[in-house]
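Enquirer: There's a structure below that I have some questions on.
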Amino acid sequence: MQQDPFEQGIRATLNLGHTFGHAVEQVSGYTVRHGEGVAMGLVAAANLSARLEACDPALQGRIEQVLENVGLPTRLPLSLRP
């Protein structure tokens, strides 16, 4: 963090998924763990980026596959869905 205090370089990359992930954590009353929230946030960020045509739509699927392969969730728990 000392190397990039303004989140312009490496920290911006490391923060990918955190904005959505923190929202998931908060809405769940912090029953969703941080890493799980960030995993779901990664998928959400890829989905948004694809919808905005900022990345290849296949990216979301690739991210989901990697996360599922390591046992992380990629979708909101049913209890948090509208």
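Going through the structure tokens in order, the chains are called A, B, and so on, while each chain numbers its residues from 1 and the ligands are numbered from 1 in the order shown.
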Can you tell me which residues surround region 39-53 of chain A at a distance of at most 8 Å, considering only C-alpha atoms, apart from same-chain residues fewer than 3 positions away, and format the answer as a ChimeraX atom specification?

Expert: /A:16-21,24,35-36,56-57,59-60,63-64,67,72-76

Enquirer: Which value, in Å to one decimal, gives the distance between CA of Arg81 (chain A) and CA of His34 (chain A)?

Expert: 18.3 Å

Enquirer: For a quick check of understanding, using only C-alpha atoms, which of A:Leu80, A:Arg62, A:Leu14, A:Asn69 has the smallest distance to Tyr30 (chain A)?

Expert: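 Distance minimum relative to Tyr30 (chain A) lands on A:Leu80.
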
Enquirer: Per DSSP on the backbone, what are the alpha helix (DSSP H) residues of chain A, as a count of residues only?

Expert: 45

Enquirer: To one decimal in Å, tell me the separation between CA of Ala54 (chain A) and CA of Glu25 (chain A).

Expert: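 These atoms are spaced 25.9 Å apart.
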